[in-house]
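First comes the structure, then the notes that go with it.
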Amino acid sequence: MAIVPKVREILLDEEVGKQEFLEVIKDVYKRDIYIYAIVPEWEKELLDAMSNDFILINKIHFPLTEIFPRTIGFLGYVKDSTKQYIYEFYLRSTTISYFVFSEVDVSKYLNDITKKNIDIYKIFETNKTPHITIGPDGQWINIIEY
């Protein structure tokens with residue numbers, strides 16, 4: 001029998017502030033949080049800000065169907081104990097296509113992400129790992145639990 005995920009959506013105010021957003025996340029995840037992402041090279045400011053905390057797993061050339069012109073994405077994760085980067089990812093949810101928040105360390109599965117399979121969300125679905133995603137245009141967060 002397949003396990004069906006429980007999905008909760010939390011609608012966010014149109015211009016949610018950092019403190020308000022962090023309170024929503026802290027209500028879901030009380031402890032450390034991991035941010036798994038493929039950060040495009042044009043997000044240099046974010047990469048520089050995380051330089052000491054972002055664990056780079058691989059560089060991925062995005063296929064033409066995803067982004068034109070071709071660009072490199074930096075696949076990795078941040079263990080964000082102080083929740084200092086979460087809001088920065090939220091603000092970039094329209095320019096960074098692949099990122100997930102979770103309390104669970106799934107970093108060992110990141111090597112499965114390749115140019116041909118850049119769907120980072122499959123890691124969480126396949127392993128039935130609870131996680132949070134951001135809805136289109138940052139209008140809501142999706143909390144997926146198993």
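In the structure tokens, chains take letters A, B, ... by order of appearance, with residues numbered from 1 within each chain and ligands from 1 in the order shown.
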
* Could you give me, as a ChimeraX atom specification, the residues within 7 Å of A:Val100, counting only C-alpha atoms and dropping anything in the same chain fewer than 6 positions from it? => /A:35-37,131-133

Dump of N, CA and C atoms for the selected residues, as a tab-separated table (two decimals), in the first residue's frame:
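Resulting contents of part-v1.tsv:
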chain	number	residue	atom	x	y	z
A	35	ILE	N	18.60	23.42	3.92
A	35	ILE	CA	18.12	23.99	2.67
A	35	ILE	C	18.89	23.29	1.56
A	36	TYR	N	18.18	22.54	0.74
A	36	TYR	CA	18.77	21.84	-0.40
A	36	TYR	C	18.42	22.64	-1.65
A	37	ALA	N	19.43	22.91	-2.49
A	37	ALA	CA	19.15	23.80	-3.61
A	37	ALA	C	20.11	23.58	-4.77
A	131	HIS	N	9.08	17.71	4.08
A	131	HIS	CA	9.78	18.88	3.56
A	131	HIS	C	8.82	20.03	3.29
A	132	ILE	N	9.40	21.18	3.00
A	132	ILE	CA	8.62	22.38	2.67
A	132	ILE	C	9.08	22.90	1.32
A	133	THR	N	8.10	23.28	0.49
A	133	THR	CA	8.41	23.95	-0.77
A	133	THR	C	7.64	25.27	-0.79

Write out as a list in words each polymer residue whose atoms come within 10 Å of A:Met50, counting only C-alpha atoms; drop sequence neighbours fewer than 5 positions from it.
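Listing them by chain and then by number gives Lys44, Glu45, Ile55, Tyr77, Val78, Gln84 and Tyr85 of chain A.
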
Please produce a file of the residues just selected, as a PDB file, in the first residue's frame, where the atoms kept are N, CA, C and O atoms.
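Written out: again.pdb:
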ATOM      1  N   LYS A  44      24.993  35.143  -7.568  1.00  0.00           N
ATOM      2  CA  LYS A  44      26.316  35.264  -6.960  1.00  0.00           C
ATOM      3  C   LYS A  44      26.252  35.884  -5.558  1.00  0.00           C
ATOM      4  O   LYS A  44      26.955  35.447  -4.652  1.00  0.00           O
ATOM      5  N   GLU A  45      25.383  36.869  -5.369  1.00  0.00           N
ATOM      6  CA  GLU A  45      25.264  37.522  -4.064  1.00  0.00           C
ATOM      7  C   GLU A  45      24.861  36.518  -2.985  1.00  0.00           C
ATOM      8  O   GLU A  45      25.419  36.504  -1.889  1.00  0.00           O
ATOM      9  N   ILE A  55      27.450  23.800   1.379  1.00  0.00           N
ATOM     10  CA  ILE A  55      28.240  22.607   1.055  1.00  0.00           C
ATOM     11  C   ILE A  55      27.959  22.256  -0.404  1.00  0.00           C
ATOM     12  O   ILE A  55      26.859  21.813  -0.740  1.00  0.00           O
ATOM     13  N   TYR A  77      23.819  22.160  -0.207  1.00  0.00           N
ATOM     14  CA  TYR A  77      22.899  22.374   0.908  1.00  0.00           C
ATOM     15  C   TYR A  77      23.544  23.222   1.990  1.00  0.00           C
ATOM     16  O   TYR A  77      24.769  23.373   2.043  1.00  0.00           O
ATOM     17  N   VAL A  78      22.697  23.758   2.839  1.00  0.00           N
ATOM     18  CA  VAL A  78      23.105  24.536   3.992  1.00  0.00           C
ATOM     19  C   VAL A  78      22.378  23.965   5.202  1.00  0.00           C
ATOM     20  O   VAL A  78      21.166  23.759   5.146  1.00  0.00           O
ATOM     21  N   GLN A  84      19.109  31.765   9.132  1.00  0.00           N
ATOM     22  CA  GLN A  84      19.504  33.052   8.574  1.00  0.00           C
ATOM     23  C   GLN A  84      19.368  33.129   7.051  1.00  0.00           C
ATOM     24  O   GLN A  84      19.306  34.226   6.498  1.00  0.00           O
ATOM     25  N   TYR A  85      19.302  31.992   6.372  1.00  0.00           N
ATOM     26  CA  TYR A  85      19.236  32.002   4.906  1.00  0.00           C
ATOM     27  C   TYR A  85      17.843  31.698   4.357  1.00  0.00           C
ATOM     28  O   TYR A  85      17.594  31.894   3.178  1.00  0.00           O
TER      29      TYR A  85
END

*10 Å contact set for A:Gly76, only C-alpha atoms, chain neighbours under 6 positions out, as a list in words*: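 What passes the distance filter is Ile35, Tyr36, Ala37, Ile38, Val39, Phe54, Ile55, Leu56, Ile57, Asn58, Lys59, Phe99, Ser107, Leu110 and Asn111 of chain A.
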
DSSP-assigned alpha helix (DSSP H) among stretch 99-143 of chain A, expressed as a list in words: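 Matching residues for alpha helix (DSSP H) in stretch 99-143 of chain A are Tyr121, Lys122, Ile123, Phe124, Glu125 and Thr126 of chain A.
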
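Proximity ranking of A:Leu47, A:Val104, A:Leu22, A:Ile113 relative to A:Glu145 places A:Val104 first, based on only C-alpha atoms.
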
Q. Looking only at the backbone, which of the residues in chain A does DSSP tag as strand (DSSP E or B), as a PyMOL selection string?
A. chain A and resi 6-11+33-40+55-61+72-80+98-102+131-134+140-145

> In terms of the shortest atom-to-atom distance over only C-alpha atoms, which of A:Asp48, A:Glu14, A:Asp119, A:Glu41 is closest to A:Trp140?
Replying inline: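 Among the listed residues, A:Glu14 lies closest to A:Trp140.
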
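Once A:Ile33 and its same-chain neighbours fewer than 6 positions away are set aside, A:Val78, A:Lys79, A:Asp80, A:Ser81, A:Thr82, A:Lys83, A:Ile86, A:Phe101, A:Ser102, A:Glu103, A:Val104, A:Asp105 remain within 9 Å of it when counting only C-alpha atoms.
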
Let's have the selection written as a CSV table (one decimal), in the first residue's frame, with all heavy atoms.
chain,number,residue,atom,x,y,z
A,78,VAL,N,22.7,23.8,2.8
A,78,VAL,CA,23.1,24.5,4.0
A,78,VAL,C,22.4,24.0,5.2
A,78,VAL,O,21.2,23.8,5.1
A,78,VAL,CB,22.7,26.0,3.8
A,78,VAL,CG1,23.0,26.8,5.1
A,78,VAL,CG2,23.4,26.7,2.7
A,79,LYS,N,23.1,23.7,6.2
A,79,LYS,CA,22.5,23.4,7.5
A,79,LYS,C,22.3,24.7,8.2
A,79,LYS,O,23.3,25.3,8.7
A,79,LYS,CB,23.3,22.4,8.4
A,79,LYS,CG,22.7,22.0,9.7
A,79,LYS,CD,23.5,21.0,10.4
A,79,LYS,CE,22.8,20.7,11.7
A,79,LYS,NZ,23.6,19.7,12.5
A,80,ASP,N,21.1,25.2,8.2
A,80,ASP,CA,20.8,26.6,8.7
A,80,ASP,C,20.2,26.5,10.1
A,80,ASP,O,19.0,26.7,10.3
A,80,ASP,CB,19.8,27.2,7.7
A,80,ASP,CG,19.7,28.7,7.9
A,80,ASP,OD1,20.4,29.3,8.7
A,80,ASP,OD2,18.9,29.3,7.1
A,81,SER,N,21.1,26.4,11.1
A,81,SER,CA,20.7,26.3,12.5
A,81,SER,C,20.0,27.5,13.0
A,81,SER,O,19.1,27.5,13.8
A,81,SER,CB,21.9,25.9,13.4
A,81,SER,OG,22.5,24.7,13.0
A,82,THR,N,20.5,28.7,12.5
A,82,THR,CA,20.0,30.0,13.0
A,82,THR,C,18.9,30.5,12.1
A,82,THR,O,18.4,31.6,12.3
A,82,THR,CB,21.1,31.0,13.1
A,82,THR,OG1,21.7,31.2,11.8
A,82,THR,CG2,22.2,30.6,14.1
A,83,LYS,N,18.6,29.8,11.0
A,83,LYS,CA,17.6,30.2,10.1
A,83,LYS,C,17.8,31.5,9.4
A,83,LYS,O,16.9,32.3,9.2
A,83,LYS,CB,16.2,30.1,10.7
A,83,LYS,CG,15.8,28.7,11.1
A,83,LYS,CD,14.5,28.6,11.8
A,83,LYS,CE,14.1,27.2,12.1
A,83,LYS,NZ,14.9,26.4,13.0
A,86,ILE,N,17.0,31.2,5.2
A,86,ILE,CA,15.6,30.8,4.7
A,86,ILE,C,14.9,31.9,4.0
A,86,ILE,O,14.4,31.7,2.9
A,86,ILE,CB,14.8,30.3,5.9
A,86,ILE,CG1,15.4,29.0,6.4
A,86,ILE,CG2,13.4,30.0,5.5
A,86,ILE,CD1,14.8,28.5,7.7
A,101,PHE,N,13.2,22.9,1.8
A,101,PHE,CA,13.6,23.0,3.2
A,101,PHE,C,13.2,21.7,3.9
A,101,PHE,O,12.1,21.1,3.6
A,101,PHE,CB,12.8,24.1,4.0
A,101,PHE,CG,12.9,25.5,3.4
A,101,PHE,CD1,11.8,26.4,3.4
A,101,PHE,CD2,14.1,25.9,2.8
A,101,PHE,CE1,11.9,27.6,2.8
A,101,PHE,CE2,14.2,27.2,2.3
A,101,PHE,CZ,13.1,28.1,2.3
A,102,SER,N,14.0,21.2,4.8
A,102,SER,CA,13.7,20.0,5.6
A,102,SER,C,14.4,19.9,6.9
A,102,SER,O,15.5,20.5,7.0
A,102,SER,CB,14.0,18.8,4.7
A,102,SER,OG,13.6,17.6,5.4
A,103,GLU,N,13.9,19.2,7.8
A,103,GLU,CA,14.6,19.0,9.1
A,103,GLU,C,15.5,17.8,9.0
A,103,GLU,O,16.4,17.5,9.8
A,103,GLU,CB,13.6,18.7,10.2
A,103,GLU,CG,13.1,19.9,10.9
A,103,GLU,CD,12.3,19.5,12.1
A,103,GLU,OE1,11.4,18.6,12.0
A,103,GLU,OE2,12.5,20.1,13.2
A,104,VAL,N,15.4,17.0,7.9
A,104,VAL,CA,16.1,15.8,7.7
A,104,VAL,C,17.3,15.9,6.8
A,104,VAL,O,17.2,16.6,5.8
A,104,VAL,CB,15.1,14.7,7.1
A,104,VAL,CG1,15.8,13.4,6.9
A,104,VAL,CG2,13.9,14.6,8.0
A,105,ASP,N,18.4,15.3,7.2
A,105,ASP,CA,19.6,15.4,6.4
A,105,ASP,C,19.5,14.3,5.3
A,105,ASP,O,19.6,13.1,5.6
A,105,ASP,CB,20.8,15.1,7.3
A,105,ASP,CG,22.1,15.1,6.5
A,105,ASP,OD1,22.1,15.4,5.3
A,105,ASP,OD2,23.2,15.0,7.1

Quiz item: With only C-alpha atoms as the basis for distance, which of A:Phe21, A:Tyr90, A:Phe62, A:Tyr146 is at the shortest distance from A:Val7?
Solution: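 Counting only C-alpha atoms, the residue closest to A:Val7 is A:Tyr146.
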
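The shortest atom-to-atom distance to A:Gln19, with only C-alpha atoms taken into account, belongs to A:Tyr87 out of A:Tyr87, A:Pro40, A:Asn142, A:Asn117.
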
Among A:Arg8, A:Lys26, A:Lys116, A:Lys108, A:Gly135 is approached most closely, using only C-alpha atoms, by A:Arg8

Review point. Hey, which of A:Ile134, A:Ser51, A:Val106, A:Tyr98 ends up closest to A:Ile120? Count only C-alpha atoms.
Key: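 Closest residue, counting only C-alpha atoms: A:Tyr98.
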
Q. Excluding same-chain residues fewer than 2 positions from A:His61, what lies within 9 Å of it counting only C-alpha atoms, as a PyMOL selection string?
A. chain A and resi 59+63+70-74+114-115

How would the residues just picked look written out with N, CA, C and O atoms as a PDB file, in the first residue's frame?
ATOM      1  N   LYS A  59      28.467  20.713  -9.612  1.00  0.00           N
ATOM      2  CA  LYS A  59      28.051  21.775 -10.527  1.00  0.00           C
ATOM      3  C   LYS A  59      27.271  21.111 -11.648  1.00  0.00           C
ATOM      4  O   LYS A  59      27.704  20.099 -12.189  1.00  0.00           O
ATOM      5  N   PRO A  63      19.942  22.040 -18.515  1.00  0.00           N
ATOM      6  CA  PRO A  63      19.588  21.754 -19.910  1.00  0.00           C
ATOM      7  C   PRO A  63      18.869  22.944 -20.537  1.00  0.00           C
ATOM      8  O   PRO A  63      18.269  23.753 -19.837  1.00  0.00           O
ATOM      9  N   ARG A  70      22.410  28.685 -21.588  1.00  0.00           N
ATOM     10  CA  ARG A  70      22.897  27.677 -20.639  1.00  0.00           C
ATOM     11  C   ARG A  70      23.610  28.339 -19.477  1.00  0.00           C
ATOM     12  O   ARG A  70      24.278  29.346 -19.636  1.00  0.00           O
ATOM     13  N   THR A  71      23.442  27.751 -18.356  1.00  0.00           N
ATOM     14  CA  THR A  71      24.080  28.271 -17.156  1.00  0.00           C
ATOM     15  C   THR A  71      24.453  27.116 -16.242  1.00  0.00           C
ATOM     16  O   THR A  71      24.002  25.994 -16.435  1.00  0.00           O
ATOM     17  N   ILE A  72      25.245  27.413 -15.263  1.00  0.00           N
ATOM     18  CA  ILE A  72      25.668  26.410 -14.287  1.00  0.00           C
ATOM     19  C   ILE A  72      24.858  26.618 -13.012  1.00  0.00           C
ATOM     20  O   ILE A  72      24.606  27.745 -12.589  1.00  0.00           O
ATOM     21  N   GLY A  73      24.451  25.521 -12.418  1.00  0.00           N
ATOM     22  CA  GLY A  73      23.802  25.555 -11.120  1.00  0.00           C
ATOM     23  C   GLY A  73      24.700  24.880 -10.109  1.00  0.00           C
ATOM     24  O   GLY A  73      25.366  23.894 -10.411  1.00  0.00           O
ATOM     25  N   PHE A  74      24.743  25.424  -8.921  1.00  0.00           N
ATOM     26  CA  PHE A  74      25.556  24.859  -7.855  1.00  0.00           C
ATOM     27  C   PHE A  74      24.636  24.053  -6.943  1.00  0.00           C
ATOM     28  O   PHE A  74      23.813  24.614  -6.216  1.00  0.00           O
ATOM     29  N   THR A 114      21.482  14.945 -11.455  1.00  0.00           N
ATOM     30  CA  THR A 114      22.336  15.136 -12.620  1.00  0.00           C
ATOM     31  C   THR A 114      21.665  16.084 -13.606  1.00  0.00           C
ATOM     32  O   THR A 114      20.503  16.458 -13.430  1.00  0.00           O
ATOM     33  N   LYS A 115      22.381  16.416 -14.666  1.00  0.00           N
ATOM     34  CA  LYS A 115      21.819  17.277 -15.710  1.00  0.00           C
ATOM     35  C   LYS A 115      20.545  16.671 -16.290  1.00  0.00           C
ATOM     36  O   LYS A 115      19.584  17.369 -16.590  1.00  0.00           O
TER      37      LYS A 115
END

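Atom CA of A:Ser93 is found 13.3 Å from atom CA of A:Leu12.
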